[in-house]
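Data file: model_29.txt. Format and content: compact mmCIF, C-alpha atoms.
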```
# COMPACT_ATOMS: atom_id res chain seq x y z
CA MET A 8 183.14 40.18 188.15
CA GLN A 9 183.23 41.53 184.64
CA GLY A 10 184.21 45.15 184.08
CA ASP A 11 180.63 46.07 183.20
CA ALA A 12 179.24 45.18 186.65
CA ILE A 13 178.06 41.66 185.75
CA ALA A 14 178.97 39.19 188.51
CA ILE A 15 179.45 35.57 187.39
CA ILE A 16 178.77 32.93 190.08
CA THR A 17 179.68 29.39 188.99
CA LEU A 18 178.44 26.11 190.46
CA ASP A 19 181.68 24.13 190.72
CA ARG A 20 181.07 20.69 192.20
CA ASP A 21 180.92 18.64 189.01
CA GLU A 22 182.07 15.43 190.71
CA LYS A 23 178.84 15.50 192.78
CA ARG A 24 176.61 16.77 189.96
CA ASN A 25 176.62 20.18 191.65
CA ALA A 26 174.50 18.85 194.50
CA LEU A 27 174.16 21.60 197.09
CA SER A 28 176.12 20.61 200.19
CA THR A 29 176.23 22.84 203.27
CA GLU A 30 179.70 24.06 202.33
CA MET A 31 178.76 24.76 198.70
CA ALA A 32 175.67 26.66 199.84
CA LYS A 33 177.78 28.80 202.19
CA VAL A 34 180.14 29.64 199.32
CA LEU A 35 177.19 30.63 197.14
CA LEU A 36 175.70 32.82 199.86
CA ARG A 37 179.04 34.57 200.36
CA SER A 38 179.33 35.05 196.60
CA PHE A 39 175.93 36.76 196.45
CA ASP A 40 176.93 39.04 199.32
CA ARG A 41 180.23 39.84 197.61
CA ALA A 42 178.44 40.74 194.37
CA GLU A 43 176.28 43.23 196.26
CA ASN A 44 179.20 44.65 198.24
CA GLU A 45 181.26 45.16 195.08
CA GLN A 46 178.36 47.02 193.46
CA ALA A 47 177.54 44.50 190.78
CA ARG A 48 174.35 45.29 188.88
CA VAL A 49 173.46 41.81 187.58
CA ILE A 50 174.33 38.27 188.68
CA VAL A 51 174.72 35.39 186.23
CA LEU A 52 174.41 32.01 187.94
CA ARG A 53 175.93 29.25 185.85
CA ALA A 54 177.75 25.91 185.95
CA ASN A 55 180.99 24.95 184.23
CA ASP A 56 180.95 24.61 180.45
CA ARG A 57 179.25 21.54 178.96
CA VAL A 58 178.22 19.96 182.25
CA LYS A 59 175.76 17.08 182.11
CA VAL A 60 174.03 18.26 185.30
CA TRP A 61 173.61 21.96 186.12
CA CYS A 62 172.44 21.13 189.64
CA ALA A 63 171.17 17.88 191.16
CA GLY A 64 169.53 19.71 194.05
CA HIS A 65 170.09 19.29 197.78
CA ASP A 66 172.88 16.91 198.74
CA LEU A 67 170.70 14.14 200.15
CA SER A 68 173.60 12.66 202.11
CA GLU A 69 173.26 15.76 204.33
CA LEU A 70 169.47 15.88 204.37
CA ASP A 71 167.99 16.36 207.84
CA LEU A 72 164.29 15.63 207.59
CA GLU A 73 163.57 17.06 211.03
CA SER A 74 164.79 20.53 210.05
CA LEU A 75 163.58 20.45 206.46
CA GLU A 76 161.99 23.91 206.56
CA THR A 77 163.92 25.55 209.41
CA ASP A 78 167.56 24.74 208.55
CA ASN A 79 167.73 23.90 204.85
CA THR A 80 170.76 25.33 203.05
CA THR A 81 169.21 24.83 199.61
CA LEU A 82 166.20 26.91 200.61
CA GLU A 83 168.59 29.52 202.06
CA VAL A 84 170.24 29.87 198.66
CA CYS A 85 166.83 30.12 196.97
CA ALA A 86 165.74 32.78 199.46
CA LYS A 87 168.95 34.68 198.77
CA ILE A 88 168.30 34.61 195.02
CA GLN A 89 164.91 36.16 195.66
CA ALA A 90 166.06 38.63 198.32
CA THR A 91 169.05 40.16 196.56
CA PRO A 92 168.09 43.40 194.81
CA LEU A 93 170.29 42.36 191.88
CA PRO A 94 168.58 40.58 188.97
CA VAL A 95 169.73 36.95 188.83
CA ILE A 96 169.98 35.33 185.40
CA ALA A 97 170.37 31.55 185.47
CA MET A 98 172.44 30.32 182.52
CA VAL A 99 171.57 26.65 182.25
CA GLU A 100 172.89 23.65 180.40
CA GLY A 101 172.55 20.05 181.53
CA GLY A 102 169.93 18.46 183.74
CA VAL A 103 168.33 20.36 186.61
CA TYR A 104 166.75 18.34 189.39
CA ALA A 105 164.99 18.76 192.73
CA GLY A 106 166.39 21.78 194.61
CA GLY A 107 168.17 22.87 191.45
CA LEU A 108 164.77 23.33 189.83
CA ILE A 109 163.63 25.39 192.83
CA MET A 110 166.67 27.62 192.27
CA LEU A 111 165.51 28.17 188.68
CA LEU A 112 162.01 29.01 189.88
CA CYS A 113 163.50 31.65 192.16
CA ALA A 114 165.81 33.13 189.52
CA ASP A 115 164.61 36.23 187.71
CA ILE A 116 165.43 35.14 184.15
CA VAL A 117 166.44 31.71 182.82
CA VAL A 118 168.37 31.18 179.58
CA ALA A 119 168.80 27.51 178.72
CA SER A 120 170.51 25.29 176.19
CA PRO A 121 168.83 22.31 174.47
CA THR A 122 170.36 19.98 177.10
CA ALA A 123 168.55 21.68 179.99
CA ARG A 124 165.98 19.12 181.09
CA VAL A 125 164.22 19.50 184.45
CA ALA A 126 162.57 17.25 187.03
CA ILE A 127 161.78 17.18 190.73
CA THR A 128 161.54 14.01 192.82
CA SER A 129 160.11 15.40 196.06
CA SER A 130 156.76 13.61 195.62
CA LYS A 131 158.47 10.40 194.54
CA LEU A 132 160.33 10.37 197.84
CA GLY A 133 157.41 11.87 199.77
CA ILE A 134 159.18 15.09 200.83
CA PRO A 135 156.69 17.95 201.36
CA LEU A 136 157.29 21.55 200.26
CA ALA A 137 156.20 24.78 201.93
CA PRO A 138 152.98 26.48 200.73
CA GLU A 139 154.86 29.69 199.86
CA LEU A 140 157.00 27.69 197.46
CA TYR A 141 153.95 26.11 195.84
CA ALA A 142 152.38 29.58 195.50
CA PHE A 143 155.50 30.90 193.75
CA TRP A 144 155.65 27.80 191.55
CA LEU A 145 152.09 28.31 190.36
CA ARG A 146 152.84 31.86 189.31
CA VAL A 147 155.94 30.83 187.36
CA MET A 148 154.66 27.73 185.57
CA GLY A 149 150.93 27.38 186.03
CA LEU A 150 148.86 24.71 187.71
CA HIS A 151 148.80 21.90 185.15
CA LYS A 152 152.51 21.76 184.36
CA ALA A 153 153.40 22.14 188.05
CA LYS A 154 151.16 19.19 188.86
CA GLU A 155 152.69 17.10 186.07
CA LEU A 156 156.20 17.72 187.39
CA LEU A 157 155.28 17.08 191.03
CA PHE A 158 152.90 14.15 190.52
CA THR A 159 155.06 12.18 188.09
CA ALA A 160 158.65 13.14 189.03
CA ALA A 161 159.23 12.86 185.28
CA THR A 162 161.75 14.88 183.30
CA ILE A 163 160.41 17.52 180.92
CA SER A 164 162.15 18.86 177.85
CA PRO A 165 163.58 22.37 177.44
CA GLU A 166 160.77 23.11 174.99
CA ASP A 167 158.14 22.12 177.56
CA ALA A 168 159.90 24.20 180.22
CA TYR A 169 159.94 27.17 177.84
CA ASN A 170 156.25 26.80 176.94
CA ALA A 171 155.37 26.50 180.64
CA GLY A 172 157.14 29.76 181.45
CA LEU A 173 160.12 28.38 183.41
CA PHE A 174 162.66 29.24 180.70
CA ASN A 175 162.75 32.68 179.08
CA HIS A 176 164.87 31.48 176.16
CA VAL A 177 166.21 28.19 174.78
CA VAL A 178 169.23 28.82 172.56
CA PRO A 179 171.97 26.69 170.96
CA ALA A 180 174.78 25.81 173.37
CA ASP A 181 177.33 27.86 171.44
CA GLN A 182 175.12 30.96 171.84
CA LEU A 183 174.21 30.44 175.50
CA GLU A 184 176.75 32.77 177.06
CA GLN A 185 176.36 35.40 174.36
CA VAL A 186 172.58 35.60 174.77
CA THR A 187 172.81 35.56 178.57
CA LEU A 188 175.31 38.42 178.69
CA SER A 189 173.31 40.35 176.11
CA ILE A 190 170.28 40.26 178.41
CA ALA A 191 172.46 41.23 181.38
CA ARG A 192 173.79 44.27 179.51
CA LYS A 193 170.26 45.36 178.62
CA ILE A 194 169.51 45.33 182.35
CA LEU A 195 172.57 47.53 182.90
CA ASP A 196 170.96 50.12 180.64
CA CYS A 197 168.04 50.43 183.07
CA ASP A 198 167.90 52.22 186.42
CA SER A 199 169.21 49.88 189.12
CA ALA A 200 166.86 51.18 191.82
CA GLY A 201 163.88 50.80 189.51
CA VAL A 202 164.84 47.24 188.63
CA ALA A 203 165.39 46.36 192.30
CA ASN A 204 162.00 47.81 193.23
CA ALA A 205 160.24 45.88 190.46
CA LYS A 206 161.93 42.64 191.57
CA PHE A 207 160.97 43.25 195.21
CA GLN A 208 157.32 43.91 194.42
CA LEU A 209 156.90 41.09 191.90
CA ASN A 210 158.46 38.51 194.22
CA LEU A 211 156.42 39.75 197.17
CA ILE A 212 153.19 39.45 195.19
CA ALA A 213 154.14 36.06 193.72
CA THR A 214 154.77 34.44 197.11
CA GLN A 215 151.43 35.51 198.59
CA SER A 216 148.75 32.95 199.33
CA SER A 217 145.27 33.39 200.73
CA LEU A 218 145.64 30.68 203.38
CA ASP A 219 144.26 31.45 206.82
CA GLU A 220 145.89 30.27 210.07
CA GLN A 221 143.70 27.18 210.31
CA GLN A 222 144.63 26.12 206.77
CA ARG A 223 148.32 26.75 207.44
CA GLY A 224 148.12 24.67 210.59
CA HIS A 225 146.46 21.85 208.65
CA ILE A 226 149.25 21.94 206.06
CA GLN A 227 151.92 21.90 208.76
CA ASP A 228 150.29 18.87 210.36
CA ARG A 229 150.15 17.02 207.05
CA ASN A 230 153.78 17.87 206.29
CA ALA A 231 154.88 16.74 209.76
CA GLU A 232 153.03 13.45 209.25
CA LEU A 233 154.86 12.86 205.97
CA ILE A 234 158.25 13.69 207.45
CA SER A 235 157.77 11.43 210.49
CA ASN A 236 156.77 8.45 208.34
CA PRO A 237 159.56 5.80 208.49
CA ALA A 238 158.80 4.95 204.85
CA LEU A 239 160.20 8.35 203.83
CA ARG A 240 163.56 7.57 205.40
CA GLN A 241 163.58 4.22 203.67
CA ARG A 242 162.89 5.83 200.29
CA VAL A 243 165.65 8.43 200.79
CA SER A 244 168.07 5.71 201.88
CA ALA A 245 167.21 3.56 198.85
CA PHE A 246 167.59 6.58 196.54
CA LEU A 247 171.05 7.36 197.94
CA LYS A 248 172.03 3.72 197.55
CA SER A 249 170.94 3.81 193.90
CA LEU A 250 173.31 6.77 193.44
CA GLY A 251 176.15 4.86 195.04
CA ARG A 252 176.31 7.01 198.18
```
Translate the structure of the given file into structure tokens.
Amino acid sequence: MQGDAIAIITLDRDEKRNALSTEMAKVLLRSFDRAENEQARVIVLRANDRVKVWCAGHDLSELDLESLETDNTTLEVCAKIQATPLPVIAMVEGGVYAGGLIMLLCADIVVASPTARVAITSSKLGIPLAPELYAFWLRVMGLHKAKELLFTAATISPEDAYNAGLFNHVVPADQLEQVTLSIARKILDCDSAGVANAKFQLNLIATQSSLDEQQRGHIQDRNAELISNPALRQRVSAFLKSLGR
């Protein structure tokens, strides 16, 4: 942690494109807890300098489709980012994919370099997401760009991500850390309890949906049908094979 109460948490699994394994997720969760316990005021979530991939998402070699929503370490990390009262600034360079993109959606502020391209392949593989996550996504990016990302699994540019509201700033790589820390220090000038309260309320409002119990049950049934489809396992297996795993 820096002397001015800014905690730096670094994704450090470059050899696996920072894919979130169970062990890596546990380390991240402990790091968030430590930042709170040591009275940090802001968290900067970053990768190592000049990485090609900021985060490739959930480590699919550990993916358990049966417990996708109940025991998912990537979603635990995302929930932690939202739940901590400390503002979380994601400092991003390199590609961001799948669960990595969900982490960015859950972060409070995103500062990106021109190499920060994003994509999510959940629909390509046929993996369903929870309605609360879709609700939050819509409030961050808007309906049309969210649909483009999810329907096509295509990569979008940093400029598109900025225009859609996912990125707060896109800055040259040599200014990335400077701009990120400048924003963090501006947060330090504000009242910590006031900032924490604003984060709590905004996230609570953003995750709300107007679904009734019957609609939720219908969604759960559709998701269960997707997960139980043998074709999904085949697609995941083929995807892992294409990555050499």
Against stretch 121-142 of chain A, which residues of stretch 81-103 of chain A fall within 9 Å? For each one I want the closest pair of atoms and the distance in Å (one decimal), counting all atoms listed in the file, rows by chain and increasing residue number, as a Markdown table.
```
| residue | atom | partner | partner_atom | distance |
| --- | --- | --- | --- | --- |
| A:Val99 | CA | A:Ala123 | CA | 6.2 |
| A:Glu100 | CA | A:Ala123 | CA | 4.8 |
| A:Gly101 | CA | A:Ala123 | CA | 4.6 |
| A:Gly102 | CA | A:Arg124 | CA | 4.8 |
| A:Val103 | CA | A:Val125 | CA | 4.7 |
```
Same residues, C-alpha atoms, output as an mmCIF file, keeping the file's coordinate frame:
```
data_model
loop_
_atom_site.group_PDB
_atom_site.id
_atom_site.type_symbol
_atom_site.label_atom_id
_atom_site.label_comp_id
_atom_site.auth_asym_id
_atom_site.auth_seq_id
_atom_site.Cartn_x
_atom_site.Cartn_y
_atom_site.Cartn_z
ATOM 1 C CA VAL A 99 171.570 26.650 182.250
ATOM 2 C CA GLU A 100 172.890 23.650 180.400
ATOM 3 C CA GLY A 101 172.550 20.050 181.530
ATOM 4 C CA GLY A 102 169.930 18.460 183.740
ATOM 5 C CA VAL A 103 168.330 20.360 186.610
#
```
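Among the candidates A:Ile109, A:Ile226, A:Ile15, A:Leu35, the one nearest to A:Arg48 when counting all atoms listed in the file is A:Ile15.
As for atom CA of A:Ser120 and atom CA of A:Val178, they are spaced 5.2 Å apart.
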Inset, instruction - Determine the nearest neighbour of A:Ala161 from the options A:Gly149, A:Gln208, A:Lys33, A:Tyr104, counting only C-alpha atoms. - result: A:Tyr104
Inset, instruction - Give me, please, the distance in Å between atom CA of A:Ser68 and atom CA of A:Pro237, quoted to one decimal. - result: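 These two atoms are separated by 16.9 Å.
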Inset, instruction - Take atom CA of A:Ala42 and atom CA of A:Ala14 and report the distance between them in Å, one decimal. - result: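 Result for atom CA of A:Ala42 versus atom CA of A:Ala14: 6.1 Å, one decimal.
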Can you sort out the box for stretch 208-217 of chain A, edges along x, y and z, all listed atoms in, 3 Å on every side, with centre and edge lengths in Å to one decimal, as lines of an AutoDock Vina configuration file?
```
center_x = 151.9
center_y = 38.4
center_z = 196.3
size_x = 19.2
size_y = 17.0
size_z = 14.8
```
Legend entry - Pick from A:Lys193, A:Arg24, A:Arg242, A:Arg37, whichever lies nearest to A:Ile88 using all atoms listed in the file: A:Arg37
Inset, instruction - Please tell me which residues are no farther than 12 Å from (171.7, 17.0, 197.9) in the file, counting only C-alpha atoms, and write them as a ChimeraX atom specification. - result: /A:20,23-32,62-71,79-82,104-107,128-129,243,246-247,250,252
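Each of A:Arg223, A:Arg41, A:His176, A:Arg57 was compared to A:Leu93 using all atoms listed in the file, and A:Arg41 turns out to be the nearest.
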Requested file, stretch 43-93 of chain A restricted to N, CA and C atoms, as a short mmCIF file (atom, residue, chain, number, x, y, z; two decimals), in the first residue's frame:
```cif
data_model
loop_
_atom_site.label_atom_id
_atom_site.label_comp_id
_atom_site.auth_asym_id
_atom_site.auth_seq_id
_atom_site.Cartn_x
_atom_site.Cartn_y
_atom_site.Cartn_z
N GLU A 43 -8.86 -3.26 3.34
CA GLU A 43 -9.82 -2.69 4.28
C GLU A 43 -9.26 -2.67 5.70
N ASN A 44 -8.64 -3.80 6.10
CA ASN A 44 -8.13 -3.91 7.47
C ASN A 44 -7.00 -2.93 7.74
N GLU A 45 -6.24 -2.60 6.71
CA GLU A 45 -5.12 -1.67 6.88
C GLU A 45 -5.53 -0.22 6.62
N GLN A 46 -6.85 -0.02 6.55
CA GLN A 46 -7.41 1.34 6.41
C GLN A 46 -7.01 2.07 5.13
N ALA A 47 -6.91 1.30 4.05
CA ALA A 47 -6.76 1.94 2.75
C ALA A 47 -8.02 2.74 2.45
N ARG A 48 -7.91 3.71 1.58
CA ARG A 48 -9.05 4.53 1.20
C ARG A 48 -9.50 4.28 -0.23
N VAL A 49 -8.56 3.80 -1.06
CA VAL A 49 -8.84 3.52 -2.47
C VAL A 49 -8.06 2.26 -2.86
N ILE A 50 -8.65 1.46 -3.73
CA ILE A 50 -7.95 0.29 -4.28
C ILE A 50 -7.74 0.49 -5.78
N VAL A 51 -6.52 0.27 -6.24
CA VAL A 51 -6.22 0.24 -7.67
C VAL A 51 -5.98 -1.21 -8.06
N LEU A 52 -6.78 -1.72 -8.96
CA LEU A 52 -6.66 -3.09 -9.44
C LEU A 52 -6.00 -3.06 -10.80
N ARG A 53 -4.84 -3.68 -10.92
CA ARG A 53 -4.06 -3.58 -12.14
C ARG A 53 -3.43 -4.93 -12.47
N ALA A 54 -2.78 -5.00 -13.64
CA ALA A 54 -1.94 -6.14 -14.00
C ALA A 54 -0.50 -5.66 -14.04
N ASN A 55 0.42 -6.55 -14.37
CA ASN A 55 1.81 -6.15 -14.52
C ASN A 55 1.97 -5.25 -15.74
N ASP A 56 3.04 -4.46 -15.74
CA ASP A 56 3.28 -3.52 -16.83
C ASP A 56 3.34 -4.22 -18.19
N ARG A 57 2.67 -3.59 -19.18
CA ARG A 57 2.76 -3.97 -20.59
C ARG A 57 2.26 -5.39 -20.88
N VAL A 58 1.33 -5.88 -20.10
CA VAL A 58 0.79 -7.20 -20.38
C VAL A 58 -0.06 -7.16 -21.65
N LYS A 59 -0.12 -8.28 -22.35
CA LYS A 59 -0.97 -8.37 -23.53
C LYS A 59 -2.42 -8.67 -23.14
N VAL A 60 -2.61 -9.34 -21.99
CA VAL A 60 -3.95 -9.66 -21.51
C VAL A 60 -4.06 -9.24 -20.05
N TRP A 61 -4.96 -8.30 -19.77
CA TRP A 61 -5.20 -7.87 -18.39
C TRP A 61 -5.85 -8.98 -17.58
N CYS A 62 -6.87 -9.60 -18.16
CA CYS A 62 -7.49 -10.76 -17.54
C CYS A 62 -8.30 -11.52 -18.58
N ALA A 63 -8.04 -12.83 -18.67
CA ALA A 63 -8.75 -13.67 -19.65
C ALA A 63 -10.04 -14.23 -19.09
N GLY A 64 -10.39 -13.86 -17.85
CA GLY A 64 -11.62 -14.35 -17.27
C GLY A 64 -11.44 -15.58 -16.42
N HIS A 65 -12.50 -16.31 -16.21
CA HIS A 65 -12.49 -17.52 -15.38
C HIS A 65 -11.58 -18.56 -16.02
N ASP A 66 -10.80 -19.23 -15.20
CA ASP A 66 -9.96 -20.33 -15.69
C ASP A 66 -10.87 -21.50 -16.07
N LEU A 67 -11.10 -21.67 -17.37
CA LEU A 67 -12.08 -22.66 -17.82
C LEU A 67 -11.67 -24.09 -17.51
N SER A 68 -10.39 -24.32 -17.25
CA SER A 68 -9.96 -25.67 -16.87
C SER A 68 -10.53 -26.05 -15.51
N GLU A 69 -10.98 -25.06 -14.73
CA GLU A 69 -11.58 -25.31 -13.42
C GLU A 69 -13.09 -25.09 -13.43
N LEU A 70 -13.66 -24.82 -14.58
CA LEU A 70 -15.07 -24.46 -14.65
C LEU A 70 -15.96 -25.65 -14.29
N ASP A 71 -16.84 -25.44 -13.32
CA ASP A 71 -17.83 -26.45 -12.93
C ASP A 71 -19.20 -25.92 -13.32
N LEU A 72 -19.73 -26.44 -14.40
CA LEU A 72 -20.99 -25.92 -14.92
C LEU A 72 -22.15 -26.13 -13.95
N GLU A 73 -22.08 -27.17 -13.14
CA GLU A 73 -23.19 -27.46 -12.23
C GLU A 73 -23.30 -26.43 -11.11
N SER A 74 -22.18 -25.79 -10.76
CA SER A 74 -22.22 -24.80 -9.68
C SER A 74 -21.87 -23.41 -10.20
N LEU A 75 -22.31 -23.13 -11.41
CA LEU A 75 -21.93 -21.91 -12.10
C LEU A 75 -22.30 -20.65 -11.31
N GLU A 76 -23.46 -20.66 -10.68
CA GLU A 76 -23.93 -19.47 -9.96
C GLU A 76 -23.75 -19.59 -8.45
N THR A 77 -23.56 -20.80 -7.94
CA THR A 77 -23.51 -21.00 -6.49
C THR A 77 -22.09 -21.08 -5.95
N ASP A 78 -21.12 -21.47 -6.76
CA ASP A 78 -19.74 -21.63 -6.29
C ASP A 78 -18.79 -21.21 -7.41
N ASN A 79 -18.81 -19.95 -7.74
CA ASN A 79 -18.04 -19.42 -8.86
C ASN A 79 -17.07 -18.38 -8.32
N THR A 80 -15.77 -18.72 -8.31
CA THR A 80 -14.80 -17.83 -7.68
C THR A 80 -14.67 -16.49 -8.41
N THR A 81 -14.86 -16.49 -9.72
CA THR A 81 -14.81 -15.23 -10.46
C THR A 81 -15.93 -14.30 -10.01
N LEU A 82 -17.13 -14.85 -9.86
CA LEU A 82 -18.25 -14.03 -9.39
C LEU A 82 -18.05 -13.60 -7.94
N GLU A 83 -17.34 -14.41 -7.14
CA GLU A 83 -17.02 -13.99 -5.78
C GLU A 83 -16.13 -12.76 -5.78
N VAL A 84 -15.14 -12.74 -6.66
CA VAL A 84 -14.26 -11.58 -6.76
C VAL A 84 -15.06 -10.36 -7.21
N CYS A 85 -15.93 -10.55 -8.21
CA CYS A 85 -16.76 -9.43 -8.69
C CYS A 85 -17.66 -8.90 -7.58
N ALA A 86 -18.25 -9.81 -6.80
CA ALA A 86 -19.10 -9.39 -5.69
C ALA A 86 -18.30 -8.63 -4.64
N LYS A 87 -17.05 -9.04 -4.44
CA LYS A 87 -16.19 -8.37 -3.47
C LYS A 87 -15.87 -6.95 -3.94
N ILE A 88 -15.60 -6.80 -5.23
CA ILE A 88 -15.33 -5.46 -5.78
C ILE A 88 -16.51 -4.54 -5.52
N GLN A 89 -17.71 -5.06 -5.68
CA GLN A 89 -18.90 -4.25 -5.44
C GLN A 89 -19.16 -4.01 -3.96
N ALA A 90 -18.87 -5.01 -3.13
CA ALA A 90 -19.24 -4.94 -1.72
C ALA A 90 -18.27 -4.11 -0.88
N THR A 91 -17.00 -4.08 -1.25
CA THR A 91 -16.06 -3.30 -0.45
C THR A 91 -16.46 -1.83 -0.44
N PRO A 92 -16.40 -1.18 0.72
CA PRO A 92 -16.75 0.25 0.76
C PRO A 92 -15.70 1.13 0.09
N LEU A 93 -14.53 0.55 -0.23
CA LEU A 93 -13.47 1.32 -0.85
C LEU A 93 -13.71 1.45 -2.35
#
```
